[in-house]
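Raw protein-v9.cif, mmCIF, C-alpha atoms and all ligand atoms:
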```cif
data_final
loop_
_atom_site.label_atom_id
_atom_site.label_comp_id
_atom_site.auth_asym_id
_atom_site.auth_seq_id
_atom_site.Cartn_x
_atom_site.Cartn_y
_atom_site.Cartn_z
CA MET Y 116 -25.36 -13.08 -22.61
CA SER Y 117 -26.26 -16.73 -22.72
CA THR Y 118 -26.33 -17.13 -26.51
CA ILE Y 119 -22.68 -16.12 -26.88
CA VAL Y 120 -20.24 -19.03 -26.78
CA PRO Y 121 -17.26 -18.07 -24.62
CA PRO Y 122 -13.67 -18.90 -25.64
CA ALA Y 123 -12.85 -22.54 -24.81
CA ASN Y 124 -10.20 -21.67 -22.23
CA VAL Y 125 -12.74 -19.83 -20.05
CA ALA Y 126 -15.86 -21.87 -20.87
CA SER Y 127 -16.12 -23.47 -17.41
CA LEU Y 128 -16.70 -20.04 -15.86
CA PHE Y 129 -20.00 -19.81 -17.71
CA GLU Y 130 -21.64 -22.93 -16.35
CA PRO Y 131 -24.39 -21.74 -14.02
CA LEU Y 132 -23.82 -22.62 -10.38
CA LYS Y 133 -26.34 -23.56 -7.72
CA LEU Y 134 -25.61 -21.25 -4.80
CA GLY Y 135 -27.92 -22.05 -1.91
CA PRO Y 136 -31.45 -21.38 -3.20
CA TYR Y 137 -30.16 -19.37 -6.17
CA ILE Y 138 -28.60 -20.06 -9.54
CA ALA Y 139 -25.57 -17.89 -10.22
CA ARG Y 140 -25.47 -17.31 -13.98
CA ASN Y 141 -21.70 -17.64 -14.13
CA ARG Y 142 -18.74 -18.23 -11.82
CA ILE Y 143 -17.11 -14.83 -12.18
CA PHE Y 144 -17.95 -13.36 -8.81
CA MET Y 145 -17.16 -9.89 -7.48
CA SER Y 146 -15.30 -9.78 -4.18
CA ALA Y 147 -15.65 -7.22 -1.41
CA LEU Y 148 -13.72 -4.06 -2.25
CA THR Y 149 -13.42 -1.10 0.10
CA ARG Y 150 -14.19 1.98 -2.00
CA SER Y 151 -14.90 4.61 0.70
CA ARG Y 152 -17.57 6.42 -1.24
CA SER Y 153 -20.61 6.26 1.04
CA VAL Y 154 -20.61 9.99 1.76
CA PRO Y 155 -21.50 12.02 3.76
CA THR Y 156 -20.71 9.07 5.95
CA ASN Y 157 -21.58 5.38 6.22
CA VAL Y 158 -24.86 5.61 4.29
CA PRO Y 159 -24.96 4.14 0.76
CA ASN Y 160 -25.81 6.78 -1.84
CA ASP Y 161 -26.98 6.97 -5.46
CA LEU Y 162 -23.43 6.74 -6.74
CA ASN Y 163 -22.99 3.45 -4.89
CA VAL Y 164 -26.27 2.26 -6.47
CA GLU Y 165 -24.93 3.03 -9.93
CA TYR Y 166 -21.59 1.28 -9.25
CA TYR Y 167 -23.27 -1.94 -8.14
CA ARG Y 168 -25.86 -1.74 -10.93
CA GLN Y 169 -23.10 -1.61 -13.55
CA ARG Y 170 -21.42 -4.70 -12.13
CA ALA Y 171 -24.68 -6.60 -11.57
CA LYS Y 172 -25.30 -6.77 -15.31
CA SER Y 173 -22.76 -9.53 -15.89
CA SER Y 174 -21.38 -10.85 -12.57
CA GLY Y 175 -22.37 -14.26 -11.23
CA MET Y 176 -22.79 -12.71 -7.80
CA ILE Y 177 -21.55 -9.71 -5.86
CA VAL Y 178 -20.28 -9.50 -2.31
CA THR Y 179 -20.51 -5.91 -1.15
CA GLU Y 180 -17.62 -3.96 0.21
CA GLY Y 181 -17.28 -4.56 3.94
CA ALA Y 182 -20.39 -3.23 5.67
CA LEU Y 183 -19.72 -2.17 9.24
CA ILE Y 184 -21.89 -4.03 11.72
CA ALA Y 185 -21.58 -1.30 14.37
CA GLN Y 186 -20.32 2.21 14.78
CA GLN Y 187 -17.74 0.92 17.23
CA GLY Y 188 -15.20 -1.12 15.29
CA SER Y 189 -15.31 1.01 12.19
CA GLU Y 190 -12.39 2.48 10.35
CA TRP Y 191 -12.99 4.44 7.16
CA PRO Y 192 -15.30 7.43 7.45
CA ASN Y 193 -17.04 6.60 4.20
CA ALA Y 194 -17.40 2.85 4.35
CA PRO Y 195 -21.07 1.87 4.49
CA GLY Y 196 -22.64 0.55 7.64
CA ILE Y 197 -25.57 -1.77 8.34
CA TRP Y 198 -26.36 -0.79 11.90
CA SER Y 199 -28.96 1.97 11.37
CA LYS Y 200 -32.43 2.30 9.87
CA GLU Y 201 -31.15 4.96 7.48
CA GLN Y 202 -28.48 2.59 6.20
CA VAL Y 203 -31.02 -0.20 5.73
CA GLU Y 204 -33.24 2.09 3.67
CA ALA Y 205 -30.26 3.20 1.59
CA TRP Y 206 -29.08 -0.37 0.92
CA LYS Y 207 -32.58 -1.19 -0.37
CA LYS Y 208 -31.83 0.95 -3.42
CA VAL Y 209 -28.63 -0.99 -4.05
CA THR Y 210 -30.24 -4.42 -3.76
CA LYS Y 211 -33.18 -3.32 -5.94
CA ALA Y 212 -30.83 -2.10 -8.68
CA VAL Y 213 -28.83 -5.35 -8.61
CA HIS Y 214 -32.01 -7.41 -8.82
CA GLU Y 215 -33.33 -5.32 -11.71
CA GLU Y 216 -30.19 -6.35 -13.59
CA GLY Y 217 -30.72 -10.03 -12.77
CA GLY Y 218 -27.81 -10.13 -10.32
CA LEU Y 219 -27.25 -11.55 -6.86
CA ILE Y 220 -25.82 -9.58 -3.95
CA TYR Y 221 -24.58 -10.74 -0.56
CA ILE Y 222 -23.56 -8.31 2.13
CA GLN Y 223 -20.15 -8.65 3.73
CA LEU Y 224 -20.43 -8.20 7.50
CA TRP Y 225 -17.36 -6.45 8.86
CA HIS Y 226 -15.95 -5.63 12.26
CA LEU Y 227 -12.40 -4.34 12.37
CA GLY Y 228 -11.51 -5.13 15.95
CA ARG Y 229 -8.03 -3.86 16.70
CA ALA Y 230 -7.63 -2.60 13.14
CA SER Y 231 -9.91 0.30 13.99
CA HIS Y 232 -8.50 3.60 15.21
CA PRO Y 233 -9.63 5.83 18.11
CA ASP Y 234 -9.38 8.93 15.88
CA ALA Y 235 -11.63 7.53 13.14
CA PRO Y 236 -14.76 9.71 13.12
CA GLU Y 237 -17.25 6.90 13.62
CA GLN Y 238 -15.13 5.31 16.29
CA ILE Y 239 -15.09 8.63 18.15
CA ALA Y 240 -18.85 8.95 17.73
CA SER Y 241 -19.35 5.49 19.23
CA GLY Y 242 -17.89 6.73 22.50
CA GLN Y 243 -16.18 3.36 22.96
CA PRO Y 244 -12.59 2.22 22.76
CA VAL Y 245 -11.03 0.12 20.03
CA TYR Y 246 -11.49 -3.49 21.06
CA GLY Y 247 -9.48 -6.59 20.28
CA PRO Y 248 -9.26 -10.12 21.68
CA SER Y 249 -6.16 -9.07 23.67
CA ALA Y 250 -4.31 -5.82 24.34
CA ILE Y 251 -1.82 -6.35 21.52
CA ALA Y 252 -1.38 -3.79 18.77
CA ALA Y 253 -0.95 -4.76 15.15
CA ARG Y 254 2.16 -3.44 13.46
CA GLY Y 255 2.97 -2.05 10.07
CA GLY Y 256 -0.21 -0.27 8.92
CA LYS Y 257 -1.13 3.35 8.36
CA PHE Y 258 -4.53 5.01 8.66
CA ARG Y 259 -4.68 6.90 5.42
CA HIS Y 260 -7.82 8.90 6.27
CA ILE Y 261 -6.55 10.19 9.58
CA PRO Y 262 -4.34 13.29 9.67
CA GLY Y 263 -0.70 12.38 10.17
CA GLN Y 264 -1.48 8.79 9.02
CA PRO Y 265 -0.92 7.19 12.43
CA GLY Y 266 -0.35 3.48 12.96
CA TYR Y 267 -2.41 0.94 14.90
CA VAL Y 268 -3.14 1.35 18.60
CA THR Y 269 -3.14 -1.14 21.43
CA PRO Y 270 -6.77 -2.25 21.74
CA THR Y 271 -8.76 -2.69 24.90
CA GLU Y 272 -9.32 -6.37 25.60
CA LEU Y 273 -12.93 -7.29 24.90
CA ASP Y 274 -14.50 -8.31 28.13
CA ASP Y 275 -17.47 -10.19 26.70
CA PRO Y 276 -17.10 -11.15 23.02
CA SER Y 277 -20.70 -12.36 22.87
CA ILE Y 278 -21.79 -8.70 22.76
CA ILE Y 279 -20.21 -8.43 19.33
CA ILE Y 280 -21.68 -11.77 18.26
CA ALA Y 281 -25.07 -10.21 19.01
CA GLN Y 282 -24.13 -7.25 16.80
CA TYR Y 283 -23.43 -9.63 13.91
CA LYS Y 284 -26.88 -11.07 14.44
CA GLN Y 285 -28.56 -7.66 14.43
CA ALA Y 286 -26.60 -6.68 11.33
CA ALA Y 287 -27.78 -9.90 9.66
CA ILE Y 288 -31.39 -9.02 10.53
CA ASN Y 289 -30.88 -5.53 9.11
CA ALA Y 290 -29.32 -6.97 5.95
CA MET Y 291 -32.32 -9.18 5.39
CA GLU Y 292 -34.62 -6.20 5.68
CA ALA Y 293 -32.42 -4.36 3.17
CA GLY Y 294 -33.16 -7.01 0.53
CA PHE Y 295 -29.84 -8.80 0.22
CA ASP Y 296 -29.71 -12.37 -1.10
CA GLY Y 297 -27.36 -13.57 1.60
CA ALA Y 298 -24.52 -12.61 3.88
CA GLU Y 299 -20.80 -13.27 4.05
CA LEU Y 300 -18.92 -13.17 7.34
CA HIS Y 301 -15.66 -11.31 6.84
CA GLY Y 302 -13.37 -13.75 8.60
CA ALA Y 303 -10.28 -12.69 6.68
CA ASN Y 304 -7.50 -10.14 6.42
CA GLY Y 305 -6.76 -9.61 10.09
CA TYR Y 306 -10.14 -8.24 11.16
CA LEU Y 307 -11.90 -9.26 14.35
CA PRO Y 308 -12.71 -12.95 13.71
CA HIS Y 309 -9.21 -13.47 12.31
CA GLN Y 310 -7.72 -11.71 15.34
CA PHE Y 311 -9.43 -14.29 17.56
CA LEU Y 312 -8.10 -17.15 15.43
CA ASP Y 313 -4.49 -16.08 15.39
CA SER Y 314 -2.41 -16.96 18.43
CA THR Y 315 -0.27 -13.83 17.96
CA SER Y 316 -3.24 -11.47 18.45
CA ASN Y 317 -5.27 -13.66 20.84
CA LEU Y 318 -3.45 -14.38 24.10
CA ARG Y 319 -6.61 -15.07 26.10
CA ASN Y 320 -6.85 -18.05 28.36
CA ASP Y 321 -10.58 -17.91 28.94
CA ALA Y 322 -13.26 -19.63 26.86
CA TRP Y 323 -12.29 -17.52 23.81
CA GLY Y 324 -8.58 -18.26 23.55
CA GLY Y 325 -5.80 -20.68 24.26
CA SER Y 326 -6.53 -23.88 22.36
CA VAL Y 327 -7.33 -24.04 18.65
CA GLU Y 328 -10.96 -24.81 19.56
CA LYS Y 329 -11.26 -21.76 21.77
CA ARG Y 330 -9.61 -19.43 19.26
CA ALA Y 331 -12.03 -20.68 16.60
CA ARG Y 332 -15.05 -20.11 18.83
CA PHE Y 333 -15.61 -16.46 17.92
CA THR Y 334 -15.70 -17.13 14.17
CA LEU Y 335 -17.96 -20.16 14.59
CA GLU Y 336 -20.39 -18.33 16.88
CA ALA Y 337 -20.49 -15.27 14.63
CA LEU Y 338 -21.26 -17.50 11.65
CA GLN Y 339 -23.92 -19.36 13.61
CA ALA Y 340 -25.53 -16.05 14.65
CA ILE Y 341 -25.81 -15.02 11.00
CA ILE Y 342 -27.12 -18.45 10.05
CA ASP Y 343 -29.75 -18.19 12.78
CA VAL Y 344 -31.14 -15.25 10.81
CA TRP Y 345 -30.57 -16.32 7.22
CA GLY Y 346 -30.39 -20.13 7.26
CA LYS Y 347 -27.20 -21.88 6.28
CA GLU Y 348 -28.02 -21.96 2.57
CA ARG Y 349 -27.50 -18.23 2.27
CA VAL Y 350 -24.44 -17.62 4.42
CA GLY Y 351 -20.79 -17.85 3.42
CA ILE Y 352 -17.47 -16.89 4.94
CA LYS Y 353 -14.18 -15.50 3.66
CA LEU Y 354 -10.87 -16.64 5.12
CA THR Y 355 -7.22 -15.81 4.40
CA PRO Y 356 -5.22 -18.58 6.08
CA GLY Y 357 -1.96 -17.28 4.60
CA GLY Y 358 -2.29 -14.13 6.69
CA GLY Y 359 -0.05 -11.12 6.23
CA TYR Y 360 -2.53 -8.27 6.04
CA ASN Y 361 -3.08 -6.38 9.31
CA ASP Y 362 -0.15 -8.18 10.91
CA MET Y 363 -1.60 -11.70 10.89
CA GLY Y 364 0.48 -14.83 10.88
CA MET Y 365 1.20 -17.89 12.95
CA PRO Y 366 3.93 -20.44 12.19
CA LEU Y 367 2.87 -22.57 9.23
CA GLU Y 368 2.11 -25.76 11.16
CA GLU Y 369 -0.02 -23.87 13.66
CA THR Y 370 -1.75 -22.06 10.80
CA LYS Y 371 -2.61 -25.37 9.17
CA GLU Y 372 -3.84 -26.83 12.43
CA THR Y 373 -5.98 -23.78 13.24
CA PHE Y 374 -7.54 -23.33 9.82
CA GLY Y 375 -7.84 -27.08 9.28
CA TYR Y 376 -9.95 -27.31 12.41
CA LEU Y 377 -11.93 -24.19 11.55
CA VAL Y 378 -12.90 -25.19 8.02
CA GLN Y 379 -14.04 -28.62 9.19
CA GLU Y 380 -16.27 -27.02 11.82
CA LEU Y 381 -17.62 -24.47 9.33
CA ASP Y 382 -18.33 -27.32 6.97
CA LYS Y 383 -20.19 -29.20 9.72
CA ILE Y 384 -22.30 -26.14 10.50
CA GLY Y 385 -23.03 -26.16 6.78
CA ALA Y 386 -21.93 -22.73 5.58
CA SER Y 387 -23.09 -22.34 1.99
CA TYR Y 388 -19.59 -21.48 0.88
CA ILE Y 389 -16.10 -21.07 2.27
CA CYS Y 390 -13.95 -18.66 0.31
CA LEU Y 391 -10.30 -19.57 0.74
CA ALA Y 392 -8.56 -16.47 -0.50
CA ARG Y 393 -4.93 -16.83 -1.51
CA TYR Y 394 -2.01 -15.12 0.17
CA TRP Y 395 -1.44 -11.58 -1.11
CA ASP Y 396 2.12 -10.27 -0.81
CA VAL Y 397 1.13 -6.66 -1.52
CA GLY Y 398 -0.84 -6.61 1.71
CA ASP Y 399 2.01 -8.09 3.75
CA PRO Y 400 4.63 -5.40 4.31
CA MET Y 401 8.06 -6.12 5.76
CA ILE Y 402 8.05 -5.67 9.54
CA ASP Y 403 11.46 -5.85 11.19
CA GLY Y 404 12.87 -7.27 7.98
CA LYS Y 405 10.29 -10.07 7.74
CA ARG Y 406 6.90 -10.62 6.24
CA ARG Y 407 4.20 -11.96 8.54
CA GLY Y 408 2.29 -14.21 6.17
CA THR Y 409 2.73 -17.92 5.55
CA PRO Y 410 2.12 -18.38 1.82
CA HIS Y 411 0.79 -21.88 1.18
CA ASP Y 412 -1.59 -23.47 -1.29
CA VAL Y 413 -4.80 -22.90 0.64
CA ILE Y 414 -7.00 -24.77 -1.82
CA ALA Y 415 -4.75 -27.84 -1.78
CA VAL Y 416 -4.41 -27.84 2.02
CA TYR Y 417 -7.97 -27.06 3.17
CA GLY Y 418 -10.11 -27.85 0.12
CA PRO Y 419 -10.09 -31.64 0.72
CA LEU Y 420 -11.36 -31.09 4.29
CA ILE Y 421 -14.54 -29.45 3.00
CA LYS Y 422 -17.28 -31.96 2.24
CA ASN Y 423 -20.53 -29.98 2.22
CA SER Y 424 -19.84 -26.32 1.63
CA LEU Y 425 -18.89 -24.91 -1.75
CA VAL Y 426 -15.24 -23.89 -1.96
CA PHE Y 427 -14.43 -20.59 -3.64
CA SER Y 428 -11.19 -18.73 -4.08
CA ASN Y 429 -9.97 -15.21 -4.63
CA THR Y 430 -6.86 -13.09 -5.22
CA GLN Y 431 -4.91 -12.42 -8.39
CA PHE Y 432 -6.56 -14.98 -10.65
CA THR Y 433 -6.48 -14.53 -14.39
CA PRO Y 434 -9.68 -15.66 -16.12
CA GLU Y 435 -7.80 -18.61 -17.62
CA GLU Y 436 -6.44 -19.74 -14.27
CA ALA Y 437 -9.88 -19.29 -12.72
CA ALA Y 438 -11.44 -21.43 -15.45
CA LYS Y 439 -8.85 -24.13 -14.81
CA TYR Y 440 -9.61 -24.14 -11.07
CA VAL Y 441 -13.30 -24.50 -11.85
CA SER Y 442 -12.91 -27.20 -14.51
CA GLU Y 443 -10.58 -29.20 -12.23
CA GLY Y 444 -13.15 -28.98 -9.43
CA LYS Y 445 -10.84 -27.07 -7.08
CA SER Y 446 -13.13 -24.09 -6.77
CA GLY Y 447 -16.82 -23.68 -7.53
CA ALA Y 448 -16.37 -20.06 -8.56
CA ILE Y 449 -13.67 -17.42 -8.38
CA PHE Y 450 -13.97 -13.99 -6.84
CA PHE Y 451 -12.27 -11.20 -8.75
CA GLY Y 452 -11.45 -7.88 -7.11
CA ILE Y 453 -9.39 -5.26 -8.92
CA PRO Y 454 -10.47 -6.46 -12.40
CA TRP Y 455 -14.05 -5.54 -11.42
CA ILE Y 456 -12.93 -2.08 -10.30
CA SER Y 457 -11.70 -1.16 -13.76
CA HIS Y 458 -14.10 -3.28 -15.83
CA PRO Y 459 -17.76 -2.75 -14.97
CA ASP Y 460 -18.55 -5.41 -17.60
CA LEU Y 461 -15.84 -7.88 -16.55
CA ALA Y 462 -17.77 -11.13 -17.00
CA LYS Y 463 -19.24 -9.99 -20.30
CA ARG Y 464 -15.78 -9.10 -21.57
CA ILE Y 465 -14.49 -12.54 -20.66
CA GLN Y 466 -17.47 -14.17 -22.34
CA TYR Y 467 -17.02 -12.18 -25.55
CA GLY Y 468 -13.24 -12.61 -25.56
CA LYS Y 469 -12.69 -8.87 -25.17
CA PRO Y 470 -9.42 -7.64 -23.66
CA LEU Y 471 -9.30 -6.47 -20.04
CA ASP Y 472 -7.58 -3.30 -21.10
CA ASN Y 473 -8.81 -0.62 -18.72
CA VAL Y 474 -5.86 0.23 -16.50
CA PRO Y 475 -6.90 0.40 -12.83
CA ASP Y 476 -5.95 3.68 -11.20
CA MET Y 477 -4.78 2.90 -7.68
CA LYS Y 478 -5.11 6.52 -6.62
CA THR Y 479 -8.88 6.24 -6.94
CA PHE Y 480 -9.33 2.80 -5.33
CA TYR Y 481 -10.45 4.62 -2.17
CA GLY Y 482 -12.55 7.77 -2.20
CA HIS Y 483 -10.82 10.79 -0.72
CA SER Y 484 -13.50 13.41 -1.09
CA THR Y 485 -17.08 14.22 -0.23
CA ASP Y 486 -17.69 15.69 -3.67
CA ILE Y 487 -19.80 13.31 -5.75
CA GLU Y 488 -18.31 14.41 -9.09
CA GLU Y 489 -14.84 13.75 -7.73
CA LEU Y 490 -15.91 10.38 -6.34
CA LYS Y 491 -17.14 9.22 -9.75
CA LYS Y 492 -13.56 9.19 -11.00
CA GLY Y 493 -12.20 5.67 -10.99
CA TYR Y 494 -15.54 4.41 -9.68
CA THR Y 495 -18.42 4.61 -12.14
CA ASP Y 496 -16.56 6.07 -15.13
CA TYR Y 497 -14.57 3.08 -16.44
CA PRO Y 498 -15.88 2.30 -19.94
CA GLU Y 499 -17.46 -0.93 -21.10
CA ALA Y 500 -15.96 -2.66 -24.13
CA VAL Y 501 -17.52 -2.12 -27.55
CA TYR Y 502 -19.68 -5.16 -28.34
C1 LIG Y 601 -8.82 -2.24 2.79
O1 LIG Y 601 -9.60 -1.30 2.95
O2 LIG Y 601 -7.68 -2.05 2.37
C2 LIG Y 601 -9.28 -3.61 3.03
C3 LIG Y 601 -10.47 -3.80 3.66
C4 LIG Y 601 -10.92 -5.07 3.89
C5 LIG Y 601 -10.15 -6.13 3.49
C6 LIG Y 601 -8.95 -5.94 2.85
C7 LIG Y 601 -8.52 -4.67 2.62
O3 LIG Y 601 -10.56 -7.36 3.71
#
```
Any chance you could put this one into structure tokens?
Amino acid sequence: MSTIVPPANVASLFEPLKLGPYIARNRIFMSALTRSRSVPTNVPNDLNVEYYRQRAKSSGMIVTEGALIAQQGSEWPNAPGIWSKEQVEAWKKVTKAVHEEGGLIYIQLWHLGRASHPDAPEQIASGQPVYGPSAIAARGGKFRHIPGQPGYVTPTELDDPSIIIAQYKQAAINAMEAGFDGAELHGANGYLPHQFLDSTSNLRNDAWGGSVEKRARFTLEALQAIIDVWGKERVGIKLTPGGGYNDMGMPLEETKETFGYLVQELDKIGASYICLARYWDVGDPMIDGKRRGTPHDVIAVYGPLIKNSLVFSNTQFTPEEAAKYVSEGKSGAIFFGIPWISHPDLAKRIQYGKPLDNVPDMKTFYGHSTDIEELKKGYTDYPEAVY
């Protein structure tokens, strides 16, 4: 790839980037994307290996789809996990394939908290309730894999959150054994860490809620637990301060205060990167006539507070806009999501000036089958460009 001169308006995306101990060959990163294709359930398979191999050929780095840190706190039956030996062995094939293609792959560590459902198969198998910071249900969502597509439930208040912090640590140990290059804490999109941060889902008045500092504690301790395993150079975090998804959202001033404090603390701990993903209206349905999110320019508001960590961004960037963010120093790299779904060769296309003309088929974003042939559709069968 390196001998091809990219078009001038995207050239900045092709400057290699020092990412912890690694050099990312470009700044077109692949974000976590739930694809629900680890059938029979929760264990990565050969189809997943092929999907990541295709995208490892040109991406600067890959963050896996959310990998469940424990059986409790899961949601989709066919999302991969990282809690068992079998899963670790299976992920080894994914990381090996990515490395054979010269790529980098970080695992995204995921706990759904109150966004899990008691009828989800893995949640049932865990024999435990759905937990959240407080007994407050999210509103607005539907569980598409569960018959009747029910909504969220009221979670059981977590008695001792440090039990889940320990699960992040064990998942980080497992991920290292599986051959990943690093780990990303999923602190975004209304999942467990975000639920602790947000004063509308966390009404605790113990050491884990109340003040901004106490609401931030869970995220900071989870990150520290992962860093204890991996070292800070190889651990990042994803945040969505604008909220919306999974019924997240505080008033704007409180949002700025909470996330302002959090990013400064994350920066002090020395997270390798902080991904400030932009507000996404599609994920923020109307509830009682109102959206929950607080759209604001997250890079402009929080970026200047970050002195040590790399700042990345995500969500609905065009390559040209991404290149502008990079050349203006606003973001070290940009994560792309849906464009990677429909273009296995996304970064190569951008480098060669090829059009991004595969139309993504939303019906196949998530797998809805246990039949491998069926699951290939909209997953590993998007064509590369002709070079
Ligand atoms: C989803 O499955 O729709 C999903 C999962 C994790 C996210 C966002 C969306 O962070």
Expected axis-aligned box over every listed atom of ligand LIG 601 (chain Y), 5 Å added per side, centre plus edges in Å to one decimal, as AutoDock Vina command-line options:
```
--center_x -9.3 --center_y -4.3 --center_z 3.1 --size_x 13.2 --size_y 16.1 --size_z 11.5
```
(message) With 7 Å as the threshold, what does the neighbourhood of (-11.5, -4.2, 5.5) contain in terms of residues, counting only C-alpha atoms? Coordinates are those of the file; answer as a ChimeraX atom specification.
(response) /Y:149,181,227
(request) Could you check which of Y:Pro498, Y:Gly452, Y:Pro400, Y:Gly324 is closest to Ala147 of chain Y, using all atoms listed in the file? (result)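 Among the listed residues, Y:Gly452 lies closest to Ala147 of chain Y.
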Show me a table, sorted first by chain and then by increasing residue number, of the residues of chain Y having an atom at most 10 Å from ligand LIG 601 (chain Y), each with its shortest atom pair and the distance in Å to one decimal, counting all atoms listed in the file and written as CSV.
```
residue,atom,partner,partner_atom,distance
Y:Ser146,CA,Y:LIG601,O3,9.5
Y:Ala147,CA,Y:LIG601,O3,7.2
Y:Leu148,CA,Y:LIG601,C3,6.7
Y:Thr149,CA,Y:LIG601,O1,4.8
Y:Arg150,CA,Y:LIG601,O1,7.5
Y:Ser151,CA,Y:LIG601,O1,8.3
Y:Glu180,CA,Y:LIG601,C4,7.7
Y:Gly181,CA,Y:LIG601,C4,6.4
Y:Ala182,CA,Y:LIG601,C4,9.8
Y:Glu190,CA,Y:LIG601,O1,8.8
Y:Trp191,CA,Y:LIG601,O1,7.9
Y:Ala194,CA,Y:LIG601,O1,8.9
Y:Gln223,CA,Y:LIG601,O3,9.7
Y:Trp225,CA,Y:LIG601,C4,8.3
Y:His226,CA,Y:LIG601,C4,9.8
Y:Leu227,CA,Y:LIG601,C4,8.6
Y:Ala230,CA,Y:LIG601,C3,10.0
Y:Phe258,CA,Y:LIG601,O1,9.9
Y:Arg259,CA,Y:LIG601,O1,9.9
Y:His301,CA,Y:LIG601,O3,7.2
Y:Gly302,CA,Y:LIG601,O3,8.5
Y:Ala303,CA,Y:LIG601,O3,6.1
Y:Asn304,CA,Y:LIG601,O3,4.9
Y:Gly305,CA,Y:LIG601,O3,7.8
Y:Tyr306,CA,Y:LIG601,O3,7.5
Y:Lys353,CA,Y:LIG601,O3,8.9
Y:Leu354,CA,Y:LIG601,O3,9.4
Y:Thr355,CA,Y:LIG601,O3,9.1
Y:Tyr360,CA,Y:LIG601,C6,7.5
Y:Asn361,CA,Y:LIG601,C6,8.7
Y:Gly398,CA,Y:LIG601,C7,8.0
Y:Phe480,CA,Y:LIG601,O1,9.2
Y:Tyr481,CA,Y:LIG601,O1,7.9
```
(request) For each of Y:Arg349, Y:Arg319, Y:Arg140, Y:Arg152, take the minimum atom-to-atom distance to Ala171 of chain Y, counting all atoms listed in the file, then give the residue where this is smallest. (result)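 Comparing Y:Arg349, Y:Arg319, Y:Arg140, Y:Arg152 against Ala171 of chain Y, the winner is Y:Arg140.
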(message) Just the number, please: distance in Å from atom CA of Ile177 of chain Y to atom CA of Tyr221 of chain Y, one decimal.
(response)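 So the answer is 6.2 Å.
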If I put a ball of radius 9 Å at (-21.9, -6.1, -13.1) in the file's coordinates, which residues poke into it when counting all atoms listed in the file, written as a PDB file with C-alpha atoms, keeping the file's coordinate frame?
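For reference, result.pdb as written:
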```pdb
ATOM      1  CA  MET Y 145     -17.160  -9.890  -7.480  1.00  0.00           C
ATOM      2  CA  TYR Y 166     -21.590   1.280  -9.250  1.00  0.00           C
ATOM      3  CA  TYR Y 167     -23.270  -1.940  -8.140  1.00  0.00           C
ATOM      4  CA  ARG Y 168     -25.860  -1.740 -10.930  1.00  0.00           C
ATOM      5  CA  GLN Y 169     -23.100  -1.610 -13.550  1.00  0.00           C
ATOM      6  CA  ARG Y 170     -21.420  -4.700 -12.130  1.00  0.00           C
ATOM      7  CA  ALA Y 171     -24.680  -6.600 -11.570  1.00  0.00           C
ATOM      8  CA  LYS Y 172     -25.300  -6.770 -15.310  1.00  0.00           C
ATOM      9  CA  SER Y 173     -22.760  -9.530 -15.890  1.00  0.00           C
ATOM     10  CA  SER Y 174     -21.380 -10.850 -12.570  1.00  0.00           C
ATOM     11  CA  GLY Y 175     -22.370 -14.260 -11.230  1.00  0.00           C
ATOM     12  CA  MET Y 176     -22.790 -12.710  -7.800  1.00  0.00           C
ATOM     13  CA  ILE Y 177     -21.550  -9.710  -5.860  1.00  0.00           C
ATOM     14  CA  VAL Y 213     -28.830  -5.350  -8.610  1.00  0.00           C
ATOM     15  CA  GLU Y 216     -30.190  -6.350 -13.590  1.00  0.00           C
ATOM     16  CA  GLY Y 218     -27.810 -10.130 -10.320  1.00  0.00           C
ATOM     17  CA  TRP Y 455     -14.050  -5.540 -11.420  1.00  0.00           C
ATOM     18  CA  HIS Y 458     -14.100  -3.280 -15.830  1.00  0.00           C
ATOM     19  CA  PRO Y 459     -17.760  -2.750 -14.970  1.00  0.00           C
ATOM     20  CA  ASP Y 460     -18.550  -5.410 -17.600  1.00  0.00           C
ATOM     21  CA  LEU Y 461     -15.840  -7.880 -16.550  1.00  0.00           C
ATOM     22  CA  ALA Y 462     -17.770 -11.130 -17.000  1.00  0.00           C
ATOM     23  CA  LYS Y 463     -19.240  -9.990 -20.300  1.00  0.00           C
TER      24      LYS Y 463
END
```
(request) Quick one: everything within 9 Å of Gly385 of chain Y, counting only C-alpha atoms, minus sequence neighbours fewer than 4 positions away in the same chain. Send it as a VMD selection string. (result) chain Y and resid 347 to 348 350 380 to 381 423 to 424
(message) Neighbouring residues of segment 119-123 of chain Y were defined as those with any atom within 12 Å, considering all atoms listed in the file; residues of the same chain fewer than 5 positions away were excluded. Please report them as JSON, numbers by chain.
(response) {"Y": [128, 129, 130, 141, 434, 435, 438, 439, 442, 462, 463, 464, 465, 466, 467, 468, 469, 502]}
(request) Considering only C-alpha atoms, state which residue in the set Y:Glu201, Y:Phe374, Y:Gly228, Y:Glu292 is at the smallest distance from Pro308 of chain Y. (result)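 Nearest to Pro308 of chain Y: Y:Gly228.
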I'd like a table as a Markdown table: residues in segment 148-198 of chain Y with an atom no more than 9 Å from segment 273-282 of chain Y, each row giving the shortest atom pair and its distance in Å to one decimal, all atoms listed in the file counted, sorted by chain and rising residue number.
```
| residue | atom | partner | partner_atom | distance |
| --- | --- | --- | --- | --- |
| Y:Ile184 | CA | Y:Gln282 | CA | 6.4 |
| Y:Ala185 | CA | Y:Gln282 | CA | 6.9 |
| Y:Trp198 | CA | Y:Gln282 | CA | 8.4 |
```
(request) Work out how far apart atom CA of Pro131 of chain Y and atom CA of Ile449 of chain Y are and give it in Å to one decimal. (result) 12.9 Å
(request) Find, counting all atoms listed in the file, the residue in Y:Val164, Y:Ile288, Y:Phe333, Y:Gly135 that gets nearest to His214 of chain Y. (result) Y:Val164
